[in-house]
Amino acid sequence: MDGATAAVTTSAAVTTRRAPSRSCGRRCAALVDSLQEGFFLSDADGTVIEVNATFARILGYGPDGVPYRPPLPWWPDPDTDPLAYQRVHREFARMVAGASGAADLPLVHRDGHRVWLRAAFNRVDDPGAGRYVIVGTVRDITAEHFTVQRDTALAALAEQLARADTVPDALAAAVTELRRAWSANRVIIAAFPATSAGHRPEPDLIHTSEHSQWSGLAPELRELLSALREAPLLTPQLDRPGSAGITVGYPGGVLVVWIELGQRRPAGAEDHALLSVLAGRLGQGVQRVYEIDQQREAAVALQHAILGPASLPGGFAARYQPAIRPLQVGGDWYDTVPLAEDRIGIVVGDCVGHGLDAAAVMGQLRSACRALLLEHASPARALTGLDRFAALLPGAECTTVFCAMLDPASGELVYSTAGHPPPILVRADGTTSTVDGGRGIPLGLRLDQHRDQDSLVIPPRATLLLYTDGLVERRRRPLDEGIARAAGTVHDGRALPVEELASHLMAVLTPEGGYEDDVALLLYRPPGPLEVDFVAAASELAPVRHTVRAWLRRCDLNAQQINDLLIAIGEACNNAVEHGHRDHPAGVIRLRAAALADRLWVSAAAAEATPVVVDLTAVDYLDSGAINALFVHAEHLHLICNPILLPALRISGLTELATVESPDTRP
């Protein structure tokens, strides 16, 4: 690229053309004109003093026009194509400095179209003149260049689209590759949804500028994109100087792609061809990703239906991370089951394998285990029944399960384990142990075996971690090492609320490159949070005080501590009644309290009537832990969600508690 430009653009101090007979004679001139490559001769300062007929055919500038002085007429315009101009000028300077070399250069034919030349140049001494001249050749590689550009851009775009899990991801990747292919100032993809006649909602935008909303674009640009929407599909629109546009169909509607090339840069035939090819590949890629989106939407909705409960009892937190992408389903599960006498059934299990097949087995095992817990008052008997069920269910053998029954009032946990990793218990004082009793082999291996069970009392403000092996198992590392690391993480985070601790565990224990196995974890810390809503009236304070006293006793506090806290909480409630609803006597006071390892957290305030708006339009997947977190405040939330989330939210029951809407339904 360097040498060609230099050779073609050499400028000499010569002001008169040197006749071919003086350079090499008539015979030499005829020989030069017969060359299949373009030939040029430049003086030391870069003036082109001789060219042959092939040079004239390639660039449109022939021997009758010499000398050609810098800036040479075939150079790109520095205003409309500054990058190409800088590239050519850099090689010209290298040539004039006396270097030899070769380069591929973007030049301009006499009729205005872009050509790419491969130039080679060399300095030759001229004994007769006592100085040197520059001799060079040029070859037209325009077709080769655009073939390579097309293939490179297609490969890069295909690679990015193959990595995309969602349509927004695919469009964002396309914006990046289109901008790179044209060195464009800006690329915008406007996704216009398919609509009925007369209804034109604002499109979603994916682009490389500072604006993120349709309303943030200049009015003339909005008008241009709207007009492009009506253009024929896959037909490049290059009539606007400095820009190119094309319309691509996709299942959700129409994509308008707009590329800002530069203020005055023309778009040629090669741009037309490249844009057509890339737009076609974009349409195919988005179609594939859209179909995967539909599969994942169904899979995620199914997963939420079979994975675990829509909401967890107080004191619990859960997280779930499948290993398979882009279908976010797996064979691990967790469950809490309401039982008689206010007890809670607790299950964490791990089927062999990943993906849809494992999820199908998991769903059946989870349902069977729920039914067995409701029928039997013993975790061991429930697992014995699940053994028989697993032996009849293909793919269920070797499933590991931890099954327990919890009495929240006393903290007693009765449990039995079928080959599952031991739970971790971290007390408020930091003492850490694993729960190793009630051990047994995985499901479905021996139907005649007797399953044992054991029990323990979970101390107040202690943290119990139940998990599947994906959380702790690493290649070429002992399992005990992973369990010890998880125990250390719970120990260090025991002062965090359980929801925060669950997220902290998933983040800290994530291996480089992400989890390779499904992960399910369930945390429990007694007592569960205290949540009391009462009318802002003095007559309500005595019942509230009684409820608070009972909760504080479960926090393992002495009489003096309980008394001091009752006084402080009573004062907070009095203030909320007197000042929070002075103008609205019938208002509601919200009392919240939580017990952490090293402190208690208490809040008493007037309930807010205005719901909190949560924008989930950029979110296409929520794991069960995130849905559980929304459930805690569901009655006070207004969710604006991505349409892909709606089936999962409906199945979970969240739509019955919170206000949920899709952006398409907003006024």
# chains A, B, ... in the order shown; residues from 1 in each chain; ligands from 1
call {"tool": "select_by_dssp", "arguments": {"residues": "stretch 417-578 of chain A", "states": "helix (DSSP H, G or I)", "output": "PyMOL selection string"}}
result
chain A and resi 469-471+479-492+498-509+538-553+559-578
call {"tool": "closest_atom_pairs", "arguments": {"of": "stretch 254-354 of chain A", "to": "stretch 148-167 of chain A", "cutoff": "10 Å", "atoms": "only C-alpha atoms", "output": "Markdown table"}}
result
| residue | atom | partner | partner_atom | distance |
| --- | --- | --- | --- | --- |
| A:Glu270 | CA | A:Arg150 | CA | 9.3 |
| A:Asp271 | CA | A:Arg150 | CA | 9.7 |
| A:Ala273 | CA | A:Arg150 | CA | 8.8 |
| A:Leu274 | CA | A:Arg150 | CA | 6.0 |
| A:Leu275 | CA | A:Arg150 | CA | 9.2 |
| A:Val277 | CA | A:Leu154 | CA | 7.9 |
| A:Leu278 | CA | A:Leu154 | CA | 6.3 |
| A:Ala279 | CA | A:Leu154 | CA | 9.8 |
| A:Arg281 | CA | A:Ala158 | CA | 7.3 |
| A:Leu282 | CA | A:Leu157 | CA | 7.7 |
| A:Gln284 | CA | A:Leu161 | CA | 9.4 |
| A:Gly285 | CA | A:Leu161 | CA | 5.8 |
| A:Val286 | CA | A:Val167 | CA | 6.1 |
| A:Gln287 | CA | A:Val167 | CA | 8.6 |
| A:Arg288 | CA | A:Ala162 | CA | 8.9 |
| A:Val289 | CA | A:Val167 | CA | 5.9 |
| A:Tyr290 | CA | A:Val167 | CA | 6.0 |
| A:Glu291 | CA | A:Thr166 | CA | 9.5 |
| A:Ile292 | CA | A:Asp165 | CA | 7.5 |
| A:Asp293 | CA | A:Thr166 | CA | 6.0 |
| A:Gln294 | CA | A:Thr166 | CA | 9.7 |
| A:Arg296 | CA | A:Asp165 | CA | 9.4 |
| A:Arg325 | CA | A:Asp165 | CA | 8.0 |
| A:Pro326 | CA | A:Asp165 | CA | 5.7 |
| A:Leu327 | CA | A:Asp165 | CA | 8.9 |
call {"tool": "closest_residue", "arguments": {"among": "A:Ala190, A:Leu228, A:Leu471, A:Ala119", "to": "A:Gly514", "atoms": "only C-alpha atoms"}}
result
A:Leu471
call {"tool": "atom_distance", "arguments": {"atom1": "atom CA of A:Thr468", "atom2": "atom CA of A:Phe389"}}
result
21.0 Å
call {"tool": "closest_residue", "arguments": {"among": "A:Ser410, A:Thr432, A:Ser311, A:Ser455", "to": "A:Asp556", "atoms": "only C-alpha atoms"}}
result
A:Ser410
call {"tool": "select_by_dssp", "arguments": {"residues": "stretch 347-501 of chain A", "states": "strand (DSSP E)", "output": "ChimeraX atom specification"}}
result
/A:347-350,400-407,412-418,424-426,432-434,454-457,463-467
call {"tool": "atom_distance", "arguments": {"atom1": "atom CA of A:Ala318", "atom2": "atom CA of A:Val347"}}
result
11.9 Å
call {"tool": "atom_distance", "arguments": {"atom1": "atom CA of A:Gly98", "atom2": "atom CA of A:Thr80"}}
result
29.4 Å
call {"tool": "decode", "arguments": {"residues": "stretch 479-515 of chain A", "atoms": "N, CA and C atoms", "output": "mmCIF file, in the first residue's frame"}}
result
data_model
loop_
_atom_site.group_PDB
_atom_site.id
_atom_site.type_symbol
_atom_site.label_atom_id
_atom_site.label_comp_id
_atom_site.auth_asym_id
_atom_site.auth_seq_id
_atom_site.Cartn_x
_atom_site.Cartn_y
_atom_site.Cartn_z
ATOM 1 N N LEU A 479 -13.112 -32.144 45.934
ATOM 2 C CA LEU A 479 -14.426 -31.610 46.282
ATOM 3 C C LEU A 479 -14.401 -30.941 47.646
ATOM 4 N N ASP A 480 -13.636 -31.511 48.593
ATOM 5 C CA ASP A 480 -13.561 -30.919 49.932
ATOM 6 C C ASP A 480 -13.030 -29.498 49.882
ATOM 7 N N GLU A 481 -12.147 -29.235 48.941
ATOM 8 C CA GLU A 481 -11.601 -27.879 48.818
ATOM 9 C C GLU A 481 -12.698 -26.891 48.410
ATOM 10 N N GLY A 482 -13.553 -27.317 47.481
ATOM 11 C CA GLY A 482 -14.655 -26.456 47.066
ATOM 12 C C GLY A 482 -15.656 -26.230 48.184
ATOM 13 N N ILE A 483 -15.943 -27.281 48.947
ATOM 14 C CA ILE A 483 -16.874 -27.134 50.076
ATOM 15 C C ILE A 483 -16.291 -26.181 51.113
ATOM 16 N N ALA A 484 -14.985 -26.315 51.379
ATOM 17 C CA ALA A 484 -14.340 -25.429 52.349
ATOM 18 C C ALA A 484 -14.389 -23.981 51.881
ATOM 19 N N ARG A 485 -14.231 -23.760 50.581
ATOM 20 C CA ARG A 485 -14.280 -22.389 50.078
ATOM 21 C C ARG A 485 -15.689 -21.807 50.214
ATOM 22 N N ALA A 486 -16.706 -22.623 49.924
ATOM 23 C CA ALA A 486 -18.084 -22.161 50.100
ATOM 24 C C ALA A 486 -18.364 -21.850 51.563
ATOM 25 N N ALA A 487 -17.884 -22.710 52.467
ATOM 26 C CA ALA A 487 -18.082 -22.469 53.905
ATOM 27 C C ALA A 487 -17.413 -21.170 54.329
ATOM 28 N N GLY A 488 -16.202 -20.922 53.809
ATOM 29 C CA GLY A 488 -15.513 -19.686 54.142
ATOM 30 C C GLY A 488 -16.246 -18.457 53.634
ATOM 31 N N THR A 489 -16.860 -18.576 52.466
ATOM 32 C CA THR A 489 -17.607 -17.442 51.909
ATOM 33 C C THR A 489 -18.846 -17.138 52.740
ATOM 34 N N VAL A 490 -19.547 -18.198 53.185
ATOM 35 C CA VAL A 490 -20.711 -17.977 54.066
ATOM 36 C C VAL A 490 -20.246 -17.372 55.392
ATOM 37 N N HIS A 491 -19.151 -17.879 55.929
ATOM 38 C CA HIS A 491 -18.609 -17.356 57.193
ATOM 39 C C HIS A 491 -18.322 -15.866 57.066
ATOM 40 N N ASP A 492 -17.650 -15.467 55.993
ATOM 41 C CA ASP A 492 -17.272 -14.065 55.834
ATOM 42 C C ASP A 492 -18.473 -13.171 55.539
ATOM 43 N N GLY A 493 -19.534 -13.760 54.965
ATOM 44 C CA GLY A 493 -20.704 -12.948 54.613
ATOM 45 C C GLY A 493 -21.888 -13.162 55.529
ATOM 46 N N ARG A 494 -21.672 -13.742 56.704
ATOM 47 C CA ARG A 494 -22.805 -14.072 57.578
ATOM 48 C C ARG A 494 -23.523 -12.836 58.108
ATOM 49 N N ALA A 495 -22.867 -11.668 58.049
ATOM 50 C CA ALA A 495 -23.532 -10.440 58.494
ATOM 51 C C ALA A 495 -24.412 -9.834 57.406
ATOM 52 N N LEU A 496 -24.384 -10.402 56.196
ATOM 53 C CA LEU A 496 -25.217 -9.896 55.100
ATOM 54 C C LEU A 496 -26.630 -10.463 55.200
ATOM 55 N N PRO A 497 -27.645 -9.721 54.755
ATOM 56 C CA PRO A 497 -28.978 -10.321 54.598
ATOM 57 C C PRO A 497 -28.889 -11.512 53.643
ATOM 58 N N VAL A 498 -29.784 -12.484 53.816
ATOM 59 C CA VAL A 498 -29.655 -13.721 53.049
ATOM 60 C C VAL A 498 -29.752 -13.483 51.537
ATOM 61 N N GLU A 499 -30.556 -12.531 51.095
ATOM 62 C CA GLU A 499 -30.637 -12.254 49.660
ATOM 63 C C GLU A 499 -29.297 -11.755 49.133
ATOM 64 N N GLU A 500 -28.671 -10.850 49.856
ATOM 65 C CA GLU A 500 -27.363 -10.353 49.438
ATOM 66 C C GLU A 500 -26.313 -11.450 49.516
ATOM 67 N N LEU A 501 -26.405 -12.275 50.544
ATOM 68 C CA LEU A 501 -25.436 -13.364 50.691
ATOM 69 C C LEU A 501 -25.557 -14.360 49.542
ATOM 70 N N ALA A 502 -26.776 -14.637 49.095
ATOM 71 C CA ALA A 502 -26.967 -15.567 47.981
ATOM 72 C C ALA A 502 -26.278 -15.042 46.718
ATOM 73 N N SER A 503 -26.460 -13.764 46.426
ATOM 74 C CA SER A 503 -25.796 -13.171 45.256
ATOM 75 C C SER A 503 -24.285 -13.154 45.439
ATOM 76 N N HIS A 504 -23.839 -12.869 46.663
ATOM 77 C CA HIS A 504 -22.413 -12.831 46.964
ATOM 78 C C HIS A 504 -21.778 -14.211 46.742
ATOM 79 N N LEU A 505 -22.450 -15.257 47.171
ATOM 80 C CA LEU A 505 -21.937 -16.610 46.975
ATOM 81 C C LEU A 505 -21.778 -16.941 45.492
ATOM 82 N N MET A 506 -22.801 -16.653 44.716
ATOM 83 C CA MET A 506 -22.740 -16.966 43.292
ATOM 84 C C MET A 506 -21.612 -16.204 42.606
ATOM 85 N N ALA A 507 -21.396 -14.950 43.013
ATOM 86 C CA ALA A 507 -20.351 -14.142 42.385
ATOM 87 C C ALA A 507 -18.957 -14.606 42.779
ATOM 88 N N VAL A 508 -18.750 -14.848 44.073
ATOM 89 C CA VAL A 508 -17.417 -15.201 44.562
ATOM 90 C C VAL A 508 -16.988 -16.584 44.076
ATOM 91 N N LEU A 509 -17.923 -17.518 44.015
ATOM 92 C CA LEU A 509 -17.573 -18.895 43.676
ATOM 93 C C LEU A 509 -17.612 -19.182 42.182
ATOM 94 N N THR A 510 -17.989 -18.195 41.366
ATOM 95 C CA THR A 510 -18.021 -18.411 39.925
ATOM 96 C C THR A 510 -16.617 -18.675 39.399
ATOM 97 N N PRO A 511 -16.392 -19.814 38.741
ATOM 98 C CA PRO A 511 -15.050 -20.083 38.197
ATOM 99 C C PRO A 511 -14.782 -19.240 36.960
ATOM 100 N N GLU A 512 -13.530 -19.127 36.596
ATOM 101 C CA GLU A 512 -13.171 -18.403 35.384
ATOM 102 C C GLU A 512 -13.803 -19.104 34.184
ATOM 103 N N GLY A 513 -14.517 -18.338 33.402
ATOM 104 C CA GLY A 513 -15.229 -18.927 32.270
ATOM 105 C C GLY A 513 -16.651 -19.319 32.599
ATOM 106 N N GLY A 514 -17.090 -19.126 33.851
ATOM 107 C CA GLY A 514 -18.464 -19.431 34.236
ATOM 108 C C GLY A 514 -18.644 -20.844 34.740
ATOM 109 N N TYR A 515 -19.825 -21.085 35.323
ATOM 110 C CA TYR A 515 -20.129 -22.417 35.859
ATOM 111 C C TYR A 515 -20.266 -23.420 34.717
#
